[in-house]
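First comes the structure, then the notes that go with it.
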Amino acid sequence: MTAQGLNRLEDAQLAARVAQDIPDGSYVNLGIGKPTHVSGYVPDGREVIYHSENGLLGVGPTPPEGAEDRELIDASKRFVTAAQGASYFEQSDSFAMMRGGHIDIAVLGAYQVAENGDLANWATLDDSFPPAVGGAMDLVVGVPSIFIMMRHVNRDGSPKLLKRCSYPLTGLGVVNRVYTDLAVLDVTKDGFRLVELTPGNSLDAVQAVTEARIHS
Amino acid sequence: MTAQGLNRLEDAQLAARVAQDIPDGSYVNLGIGKPTHVSGYVPDGREVIYHSENGLLGVGPTPPEGAEDRELIDASKRFVTAAQGASYFEQSDSFAMMRGGHIDIAVLGAYQVAENGDLANWATLDDSFPPAVGGAMDLVVGVPSIFIMMRHVNRDGSPKLLKRCSYPLTGLGVVNRVYTDLAVLDVTKDGFRLVELTPGNSLDAVQAVTEARIHS
Amino acid sequence: MNKTAESLAAAVAPIPDGAALMIGGFGSSGIPFGLIDALLEQGATGLTVISNNAGAGETGIAKLLKAGRVAKVICSYPRTPGSIWFEARYEAGEIELEVVPQGTLAERIRTAGAGLGGFLTPTAYGTLLAKGKETRIIDGRGYVLEAPLHADFALIRAEGGDRWGNLHFHATARNFNPVMAMAAKHSIAEVRSLQDTPLDPETVVTPGIFVQTVVEYGERP
Amino acid sequence: MNKTAESLAAAVAPIPDGAALMIGGFGSSGIPFGLIDALLEQGATGLTVISNNAGAGETGIAKLLKAGRVAKVICSYPRTPGSIWFEARYEAGEIELEVVPQGTLAERIRTAGAGLGGFLTPTAYGTLLAKGKETRIIDGRGYVLEAPLHADFALIRAEGGDRWGNLHFHATARNFNPVMAMAAKHSIAEVRSLQDTPLDPETVVTPGIFVQTVVEYGERP
């Protein structure tokens, strides 16, 4: 299985695609890495409030160089600003927001997603690195809409959309929707269901690089 | 058993006696009723910080009439002021202070105290009144020094210092010291131990109005 | 984002009969009197009221009790001096009562807001209020397992707020208000002053994410 | 009441070898760099460090790791870019590691500070990090029973403080600092500005009752 010959969204296009599905007025947590770029593509006219688990509700744009406040950072440890209507709070309150169902959407990266909604995004089977989990397990149990944003297949061509995850799980049955460079898929009780294909791709071609069955 | 013929401290004298045992720099919660008067008698030169469970650390003196802030009250619902160095906080933080062992001393009233340290101060056997517990059960499990301040006997002469409480318990084995109008007693693993008698009283006379044995 | 309601009546309009309702306040401090009056007018009945006290005199929760709108009270201290309407309903057997130690009440509310399944507390271990509850001994100390306490709506009283729902409080009027805002599905805050500009992010006590509706009510008791 | 220490050295003097130590901060924000440097100088070793991260570069917790003072780390995310000293010690098998989900870490710390015996959380249910832990199903949902996490000392970083130990914070430097101050037997706060007058009681974030020592350290990273 390889993804060669398929039409792929660039990272920026993928971020823009996810951003389309963030409604006006929602509270959103963007995971470390690619998901942080989603906020740059939310259509004008929508006010979205970004939560950063280190203790900021209302993450604003990156500050101009030289104007950084070195103690105002987001969960990716990047310098940020506070948006209008923002607030600061300590960790136990921040995670109450996450676990308590107050945040509407979390966008996260993933190593693997299974057709039963299981997510693996914090550890691989290579245990020479120390494990590091951060807030991912809290987000997936608490936030009602979990969006995954990732490449459809690994660099070596192996699939990331699986029947069952082989890596250690972050959460069980928690994923609602997966955005990849090749397609958008919902997780339903019957497994993956196709929402849309990146223009130019056929379902058969995408299915060929997907271990789990894609229902149409 | 009656308390007739014994020398009794007046309420003000009892409050002053308790106040002697409040060290400089301590955090103290004073229960509803008589215990609230203790703060008026703490010797000059001691800075004591009073906690009120409705969300104030640093209860100050009663405001002058006409200068009350109607939303600044203590747990007895009396108008108070905020002392220097005070802070306001919400209920779950306030009870974290109480249960978490951060407050040094609580002074509470009681219906009954048993020689094993059991305390009954929230309900009687008369269930025609609705029960009301407030913060008493949280205080007694969390505060390391529980001082009880009460009359030695009931109005009808029946004892309040018992072998075992007959009223519903507030906490098990929680009382450290009892200040009554007749005597001061510590609760030890052997039961009540005499600390001091109100001047003019004999141990025998006090024992005569006490159900539990007083060790000397 | 604008969570502002035009009136107290509009703010309480969605509360249905039979709702579980948290109401902030301790004694006479921090009670959302405006929202309670509007709710009385609105007519919802068969309510479960979760609050520290059960009203006093003829104001606040006592008004709801007097009007017969309350089916159940969950509180720590229903015997505030002057709780005549609670006592009348209770003695007539017209109202169900669950008494919870004050700290356990606060923590059960926070637990609901924080998405947890329960907690172990030493409070009330071995007493009447732990009767029938699961207990365990840890390192020689007894604990009671307590469950989260959820609500459909919370009526909150704050000093200042903004259109994002951020709130700050005045003195001991803070009490149960922040923790109740966290725990209810829909929290409605009556604020003495609704600001046009956002609150200072450093002094926000209740972040707007916990508040669904804000309405100005200028009076202070 | 005056909780002020004359120097960073005096503030950390009581920390013994083998102490369990909470250290505030997230990433590079809210880390008590002054107290950590003083502790390094002081020499305590065999420490258990409870913190969100495990240091980066050559500063903060990384300094303690480089100097071999840390026997165990309890954290959620030891892999911050540049955590070279943690990785070196870990790969050499010189350090024990307990990884805890970030929200569970915060809640275990709060639970200790609040005098509770444990809590049920849905976080990590069914995963490797719940292995060997007691679980239960409530209303069809799985929960893990988590224990309180206590410490002997906490090293806290705050923006402002007063002699009563009241603290307020700056921006996201708040993070774990307030909750750690609650949980340690002895909390030591390094504040950028120690005020002569008391903080405004409305804007205190950490009430002084949770802080045993305050010391001024004017630098900001």
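Chain identifiers are assigned as A, B, and so on, following the order in which chains appear in the structure tokens; residues are numbered from 1 within each chain, and ligands are numbered from 1 in order of appearance.
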| query | Leaving out stretch 150-154 of chain A and any residue of its chain fewer than 5 positions from it, which residues lie within 12 Å of it when counting only C-alpha atoms, given as an NGL selection string? | reply | :A and (1-4 or 6-11 or 14-15 or 18 or 31 or 33-35 or 107-113 or 121 or 159-162 or 177-185 or 197-198 or 206-212)
| query | as an NGL selection string, which residues of stretch 127-193 of chain D does DSSP assign to alpha helix (DSSP H)? | reply | :D and (177-183)
Output for the residues just chosen: all heavy atoms as a JSON list (two decimals), in the first residue's frame:
```json
[["chain", "number", "residue", "atom", "x", "y", "z"],
["D", 177, "ASN", "N", 1.43, 26.51, 39.85],
["D", 177, "ASN", "CA", 1.89, 27.12, 41.09],
["D", 177, "ASN", "C", 0.83, 27.17, 42.20],
["D", 177, "ASN", "O", 1.12, 26.73, 43.32],
["D", 177, "ASN", "CB", 2.47, 28.50, 40.79],
["D", 177, "ASN", "CG", 3.86, 28.40, 40.16],
["D", 177, "ASN", "OD1", 4.79, 27.87, 40.76],
["D", 177, "ASN", "ND2", 3.99, 28.86, 38.92],
["D", 178, "PRO", "N", -0.39, 27.65, 41.93],
["D", 178, "PRO", "CA", -1.36, 27.71, 43.03],
["D", 178, "PRO", "C", -1.72, 26.34, 43.61],
["D", 178, "PRO", "O", -1.83, 26.19, 44.83],
["D", 178, "PRO", "CB", -2.59, 28.37, 42.38],
["D", 178, "PRO", "CG", -2.04, 29.15, 41.23],
["D", 178, "PRO", "CD", -0.91, 28.31, 40.71],
["D", 179, "VAL", "N", -1.87, 25.35, 42.76],
["D", 179, "VAL", "CA", -2.32, 24.05, 43.26],
["D", 179, "VAL", "C", -1.19, 23.35, 44.02],
["D", 179, "VAL", "O", -1.43, 22.66, 45.02],
["D", 179, "VAL", "CB", -2.91, 23.22, 42.08],
["D", 179, "VAL", "CG1", -1.85, 22.60, 41.23],
["D", 179, "VAL", "CG2", -3.91, 22.19, 42.56],
["D", 180, "MET", "N", 0.04, 23.57, 43.60],
["D", 180, "MET", "CA", 1.17, 23.00, 44.36],
["D", 180, "MET", "C", 1.34, 23.67, 45.72],
["D", 180, "MET", "O", 1.66, 23.00, 46.70],
["D", 180, "MET", "CB", 2.45, 23.11, 43.54],
["D", 180, "MET", "CG", 2.48, 22.13, 42.37],
["D", 180, "MET", "SD", 4.01, 22.29, 41.41],
["D", 180, "MET", "CE", 3.87, 20.83, 40.34],
["D", 181, "ALA", "N", 1.08, 24.99, 45.77],
["D", 181, "ALA", "CA", 1.17, 25.68, 47.05],
["D", 181, "ALA", "C", 0.21, 25.06, 48.06],
["D", 181, "ALA", "O", 0.52, 24.94, 49.25],
["D", 181, "ALA", "CB", 0.86, 27.17, 46.87],
["D", 182, "MET", "N", -0.96, 24.61, 47.58],
["D", 182, "MET", "CA", -1.95, 23.99, 48.47],
["D", 182, "MET", "C", -1.49, 22.65, 49.01],
["D", 182, "MET", "O", -1.90, 22.23, 50.10],
["D", 182, "MET", "CB", -3.24, 23.71, 47.69],
["D", 182, "MET", "CG", -4.12, 24.90, 47.41],
["D", 182, "MET", "SD", -5.51, 24.42, 46.33],
["D", 182, "MET", "CE", -6.45, 23.32, 47.42],
["D", 183, "ALA", "N", -0.70, 21.93, 48.21],
["D", 183, "ALA", "CA", -0.50, 20.50, 48.49],
["D", 183, "ALA", "C", 0.74, 20.19, 49.32],
["D", 183, "ALA", "O", 0.81, 19.12, 49.93],
["D", 183, "ALA", "CB", -0.43, 19.73, 47.17]]
```
| query | From the list D:Glu41, D:Glu190, D:Glu146, D:Asp17, which residue is nearest D:Val211 when using only C-alpha atoms? | reply | D:Glu190
| said: Env of A:Asn176: 8 Å cut, atoms = only C-alpha atoms, seq-sep filter 2 positions within chain, self excluded. Answer as a list in words. | reply: Gly117, Ser145, Ile146, Phe147, Val174, Val178, Asp186, Val187 and Thr188 of chain A
What are the closest atom pairs, with distances in Å to one decimal, for all residues of chain A lying within 10 Å of chain C? Consider only C-alpha atoms, order rows by chain and residue number, and present the result as JSON lines.
```
{"residue": "A:Asp24", "atom": "CA", "partner": "C:Met1", "partner_atom": "CA", "distance": 8.0}
{"residue": "A:Gly25", "atom": "CA", "partner": "C:Met1", "partner_atom": "CA", "distance": 5.7}
{"residue": "A:Ser26", "atom": "CA", "partner": "C:Met1", "partner_atom": "CA", "distance": 9.0}
{"residue": "A:Tyr27", "atom": "CA", "partner": "C:Ile209", "partner_atom": "CA", "distance": 7.6}
{"residue": "A:Arg46", "atom": "CA", "partner": "C:Met1", "partner_atom": "CA", "distance": 8.8}
{"residue": "A:Glu47", "atom": "CA", "partner": "C:Met1", "partner_atom": "CA", "distance": 6.3}
{"residue": "A:Val48", "atom": "CA", "partner": "C:Met1", "partner_atom": "CA", "distance": 8.3}
{"residue": "A:Ile49", "atom": "CA", "partner": "C:Ile209", "partner_atom": "CA", "distance": 9.1}
{"residue": "A:His51", "atom": "CA", "partner": "C:Ile209", "partner_atom": "CA", "distance": 9.7}
{"residue": "A:Leu56", "atom": "CA", "partner": "C:Pro201", "partner_atom": "CA", "distance": 9.0}
{"residue": "A:Leu57", "atom": "CA", "partner": "C:Pro207", "partner_atom": "CA", "distance": 7.6}
{"residue": "A:Gly58", "atom": "CA", "partner": "C:Pro201", "partner_atom": "CA", "distance": 9.3}
{"residue": "A:Ala82", "atom": "CA", "partner": "C:Pro201", "partner_atom": "CA", "distance": 8.2}
{"residue": "A:Ala83", "atom": "CA", "partner": "C:Pro201", "partner_atom": "CA", "distance": 9.4}
{"residue": "A:Gln84", "atom": "CA", "partner": "C:Pro198", "partner_atom": "CA", "distance": 6.4}
{"residue": "A:Gly85", "atom": "CA", "partner": "C:Pro198", "partner_atom": "CA", "distance": 5.0}
{"residue": "A:Ala86", "atom": "CA", "partner": "C:Pro201", "partner_atom": "CA", "distance": 5.4}
{"residue": "A:Ser87", "atom": "CA", "partner": "C:Pro201", "partner_atom": "CA", "distance": 4.0}
{"residue": "A:Tyr88", "atom": "CA", "partner": "C:Pro201", "partner_atom": "CA", "distance": 5.8}
{"residue": "A:Phe89", "atom": "CA", "partner": "C:Glu202", "partner_atom": "CA", "distance": 8.2}
{"residue": "A:Ser92", "atom": "CA", "partner": "C:Ala114", "partner_atom": "CA", "distance": 8.6}
{"residue": "A:Asp93", "atom": "CA", "partner": "C:Ala114", "partner_atom": "CA", "distance": 7.8}
{"residue": "A:Ser94", "atom": "CA", "partner": "C:Ala114", "partner_atom": "CA", "distance": 9.2}
{"residue": "A:Phe95", "atom": "CA", "partner": "C:Ala114", "partner_atom": "CA", "distance": 7.2}
{"residue": "A:Ala96", "atom": "CA", "partner": "C:Ala114", "partner_atom": "CA", "distance": 3.8}
{"residue": "A:Met97", "atom": "CA", "partner": "C:Ala114", "partner_atom": "CA", "distance": 6.6}
{"residue": "A:Met98", "atom": "CA", "partner": "C:Ala114", "partner_atom": "CA", "distance": 7.8}
{"residue": "A:Arg99", "atom": "CA", "partner": "C:Gly115", "partner_atom": "CA", "distance": 4.8}
{"residue": "A:Gly100", "atom": "CA", "partner": "C:Gly115", "partner_atom": "CA", "distance": 3.7}
{"residue": "A:Gly101", "atom": "CA", "partner": "C:Gly115", "partner_atom": "CA", "distance": 6.9}
{"residue": "A:His102", "atom": "CA", "partner": "C:Ile209", "partner_atom": "CA", "distance": 6.6}
{"residue": "A:Ile103", "atom": "CA", "partner": "C:Ile209", "partner_atom": "CA", "distance": 7.7}
{"residue": "A:Asp138", "atom": "CA", "partner": "C:Gly115", "partner_atom": "CA", "distance": 9.8}
{"residue": "A:Val141", "atom": "CA", "partner": "C:Gly115", "partner_atom": "CA", "distance": 9.0}
{"residue": "A:Gly142", "atom": "CA", "partner": "C:Gly115", "partner_atom": "CA", "distance": 7.0}
```
Cut-off 10 Å: closest chain C/chain D atom pairs per residue, using only C-alpha atoms, as a tab-separated table:
```
residue	atom	partner	partner_atom	distance
C:Glu107	CA	D:Ala114	CA	9.7
C:Thr111	CA	D:Phe119	CA	9.0
C:Ala114	CA	D:Thr121	CA	9.4
C:Gly115	CA	D:Thr121	CA	7.5
C:Leu116	CA	D:Thr121	CA	4.9
C:Gly117	CA	D:Leu120	CA	4.9
C:Gly118	CA	D:Leu120	CA	5.2
C:Phe119	CA	D:Phe119	CA	4.1
C:Leu120	CA	D:Gly117	CA	4.9
C:Thr121	CA	D:Leu116	CA	4.9
C:Pro122	CA	D:Leu116	CA	6.8
C:Thr123	CA	D:Leu116	CA	8.9
C:Arg136	CA	D:Gly117	CA	9.6
C:Ile137	CA	D:Gly117	CA	9.5
C:Ile138	CA	D:Gly117	CA	7.5
C:Asp139	CA	D:Gly117	CA	9.9
C:Arg141	CA	D:Gly117	CA	9.1
C:Gly142	CA	D:Gly117	CA	9.1
C:Tyr143	CA	D:Gly117	CA	6.9
C:Val144	CA	D:Gly117	CA	9.0
C:Leu145	CA	D:Phe119	CA	8.8
C:Glu146	CA	D:Phe119	CA	9.3
C:Ala147	CA	D:Leu120	CA	9.5
C:His168	CA	D:Glu202	CA	8.8
C:Phe169	CA	D:Glu202	CA	7.9
C:His170	CA	D:Glu202	CA	7.4
C:Ala171	CA	D:Glu202	CA	6.9
C:Thr172	CA	D:Glu202	CA	9.7
C:Arg174	CA	D:Glu202	CA	9.8
C:Pro201	CA	D:Ala171	CA	8.2
C:Glu202	CA	D:Ala171	CA	6.9
C:Thr203	CA	D:Thr203	CA	6.0
C:Val204	CA	D:Thr203	CA	8.9
C:Val205	CA	D:Thr203	CA	8.8
```
Writing out the chosen residues with N, CA and C atoms as a compact mmCIF listing (two decimals), in the first residue's frame:
```
# COMPACT_ATOMS: atom_id res chain seq x y z
N GLU C 107 -17.71 20.28 47.11
CA GLU C 107 -16.84 19.37 46.36
C GLU C 107 -17.65 18.50 45.39
N THR C 111 -16.89 18.52 41.52
CA THR C 111 -16.63 17.23 40.87
C THR C 111 -17.47 17.09 39.59
N ALA C 114 -16.02 19.36 36.98
CA ALA C 114 -14.68 18.95 36.53
C ALA C 114 -14.70 17.61 35.80
N GLY C 115 -15.87 17.03 35.59
CA GLY C 115 -15.96 15.79 34.82
C GLY C 115 -15.40 14.57 35.53
N LEU C 116 -15.39 14.61 36.85
CA LEU C 116 -14.90 13.46 37.62
C LEU C 116 -16.08 12.59 38.05
N GLY C 117 -15.78 11.36 38.47
CA GLY C 117 -16.84 10.41 38.80
C GLY C 117 -17.16 10.30 40.27
N GLY C 118 -16.38 10.97 41.12
CA GLY C 118 -16.61 10.89 42.56
C GLY C 118 -15.32 11.14 43.30
N PHE C 119 -15.42 11.21 44.63
CA PHE C 119 -14.22 11.45 45.45
C PHE C 119 -14.40 10.82 46.82
N LEU C 120 -13.27 10.59 47.47
CA LEU C 120 -13.26 10.03 48.81
C LEU C 120 -12.98 11.16 49.80
N THR C 121 -13.88 11.35 50.75
CA THR C 121 -13.68 12.40 51.74
C THR C 121 -13.78 11.83 53.15
N PRO C 122 -12.95 12.34 54.07
CA PRO C 122 -13.06 11.91 55.47
C PRO C 122 -14.29 12.50 56.15
N THR C 123 -14.86 13.56 55.57
CA THR C 123 -16.00 14.25 56.17
C THR C 123 -17.20 13.32 56.30
N ARG C 136 -14.36 3.45 52.77
CA ARG C 136 -13.15 2.62 52.83
C ARG C 136 -12.14 3.24 53.77
N ILE C 137 -11.23 2.39 54.24
CA ILE C 137 -10.17 2.83 55.15
C ILE C 137 -8.88 2.92 54.34
N ILE C 138 -8.21 4.06 54.40
CA ILE C 138 -6.91 4.23 53.74
C ILE C 138 -5.93 4.71 54.80
N ASP C 139 -4.85 3.96 54.96
CA ASP C 139 -3.85 4.30 55.99
C ASP C 139 -4.50 4.56 57.35
N ARG C 141 -7.44 5.60 58.09
CA ARG C 141 -8.42 6.67 58.18
C ARG C 141 -9.64 6.33 57.34
N GLY C 142 -10.83 6.64 57.85
CA GLY C 142 -12.06 6.32 57.14
C GLY C 142 -12.46 7.40 56.15
N TYR C 143 -12.93 6.97 54.98
CA TYR C 143 -13.39 7.90 53.95
C TYR C 143 -14.75 7.46 53.41
N VAL C 144 -15.52 8.41 52.95
CA VAL C 144 -16.82 8.17 52.34
C VAL C 144 -16.70 8.49 50.85
N LEU C 145 -17.25 7.63 50.00
CA LEU C 145 -17.25 7.91 48.56
C LEU C 145 -18.47 8.78 48.22
N GLU C 146 -18.20 9.93 47.66
CA GLU C 146 -19.28 10.87 47.33
C GLU C 146 -19.38 11.04 45.82
N ALA C 147 -20.59 11.21 45.33
CA ALA C 147 -20.85 11.30 43.89
C ALA C 147 -20.93 12.75 43.44
N HIS C 168 -16.42 38.52 37.83
CA HIS C 168 -15.72 38.65 39.11
C HIS C 168 -16.76 38.97 40.17
N PHE C 169 -16.35 38.85 41.43
CA PHE C 169 -17.30 38.85 42.54
C PHE C 169 -16.96 39.92 43.57
N HIS C 170 -17.85 40.11 44.51
CA HIS C 170 -17.62 41.10 45.56
C HIS C 170 -17.58 40.42 46.93
N ALA C 171 -16.45 40.55 47.60
CA ALA C 171 -16.31 40.10 48.99
C ALA C 171 -16.82 38.66 49.16
N THR C 172 -17.54 38.39 50.24
CA THR C 172 -17.98 37.01 50.50
C THR C 172 -19.20 36.62 49.67
N ARG C 174 -18.86 35.83 46.82
CA ARG C 174 -18.29 34.83 45.89
C ARG C 174 -18.85 33.45 46.23
N PRO C 201 -7.97 39.91 32.18
CA PRO C 201 -7.83 38.44 32.25
C PRO C 201 -7.20 37.94 33.56
N GLU C 202 -6.43 38.79 34.23
CA GLU C 202 -5.80 38.37 35.50
C GLU C 202 -6.80 38.34 36.65
N THR C 203 -7.89 39.09 36.56
CA THR C 203 -8.80 39.21 37.70
C THR C 203 -10.13 38.49 37.47
N VAL C 204 -10.24 37.81 36.32
CA VAL C 204 -11.42 36.99 36.09
C VAL C 204 -11.44 35.86 37.12
N VAL C 205 -12.55 35.67 37.80
CA VAL C 205 -12.67 34.56 38.76
C VAL C 205 -13.36 33.38 38.09
```
| message | One number please: atom CA of A:Leu139 to atom CA of A:Ala106, in Å, one decimal. | response |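 One can read the atom CA of A:Leu139 to atom CA of A:Ala106 distance as 7.1 Å.
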| Selected residue, from B:Asn116, B:Thr124, B:Ser202, B:Gln13, that lies nearest to B:Asp190 when counting only C-alpha atoms |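 The shortest atom-to-atom distance to B:Asp190 comes from B:Asn116.
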| field | Atom pair atom CA of D:Arg192 / atom CA of D:Ile36: separation (Å) | value |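 These two atoms are separated by 14.8 Å.
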| Nearby residues (only C-alpha atoms) at most 10 Å from stretch 213-221 of chain D, same-chain spacing under 6 positions excluded, as a VMD selection string | (chain A and resid 69 to 71) or (chain D and resid 2 to 12 28 to 35 155 to 167 186 to 195)
| task | Would you mind reading off the distance between atom CA of D:Gly18 and atom CA of D:Leu149, one decimal, in Å? | result |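 Between atom CA of D:Gly18 and atom CA of D:Leu149 the gap works out to 16.0 Å.
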Contacts of C:Phe176 within 7 Å, only C-alpha atoms, excl. fewer than 4 positions in-chain, as a PDB file with N, CA and C atoms, in the first residue's frame:
```
ATOM      1  N   GLU B  90     -13.693  31.028  46.802  1.00  0.00           N
ATOM      2  CA  GLU B  90     -14.975  30.335  46.698  1.00  0.00           C
ATOM      3  C   GLU B  90     -15.000  29.095  47.602  1.00  0.00           C
ATOM      4  N   GLN B  91     -16.168  28.452  47.654  1.00  0.00           N
ATOM      5  CA  GLN B  91     -16.389  27.392  48.636  1.00  0.00           C
ATOM      6  C   GLN B  91     -15.462  26.195  48.524  1.00  0.00           C
TER       7      GLN B  91
ATOM      8  N   GLY C  24     -26.708  30.185  43.796  1.00  0.00           N
ATOM      9  CA  GLY C  24     -25.577  30.681  44.580  1.00  0.00           C
ATOM     10  C   GLY C  24     -26.025  31.434  45.809  1.00  0.00           C
ATOM     11  N   GLY C  25     -25.062  31.697  46.688  1.00  0.00           N
ATOM     12  CA  GLY C  25     -25.341  32.469  47.883  1.00  0.00           C
ATOM     13  C   GLY C  25     -25.039  31.722  49.162  1.00  0.00           C
ATOM     14  N   MET C 180     -20.696  26.610  41.298  1.00  0.00           N
ATOM     15  CA  MET C 180     -21.977  26.251  40.671  1.00  0.00           C
ATOM     16  C   MET C 180     -21.973  26.576  39.179  1.00  0.00           C
TER      17      MET C 180
END
```
| said: Which residues are close to stretch 52-57 of chain C, i.e. within 9 Å by only C-alpha atoms, leaving aside same-chain residues fewer than 6 positions away? Reply as JSON, numbers by chain. | reply: {"B": [134], "C": [23, 24, 25, 26, 27, 28, 63, 64, 65, 73, 74, 75, 76, 77, 78, 79, 80, 81, 82, 83, 84, 85, 86, 102, 105, 106, 176]}
| request: DSSP on the backbone, then: every residue of stretch 6-186 of chain A marked strand (DSSP E), written as a ChimeraX atom specification. | output: /A:27-30,49-52,56-60,81-88,105-108,112-114,119-120,145-150,161-162,177-180,183-186
| said: Counting only C-alpha atoms, which residue out of B:Val143, B:Ile148, B:Leu119, B:Thr170 sits closest to C:Ala130? | reply: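 Closest to C:Ala130 of all the choices is B:Thr170.
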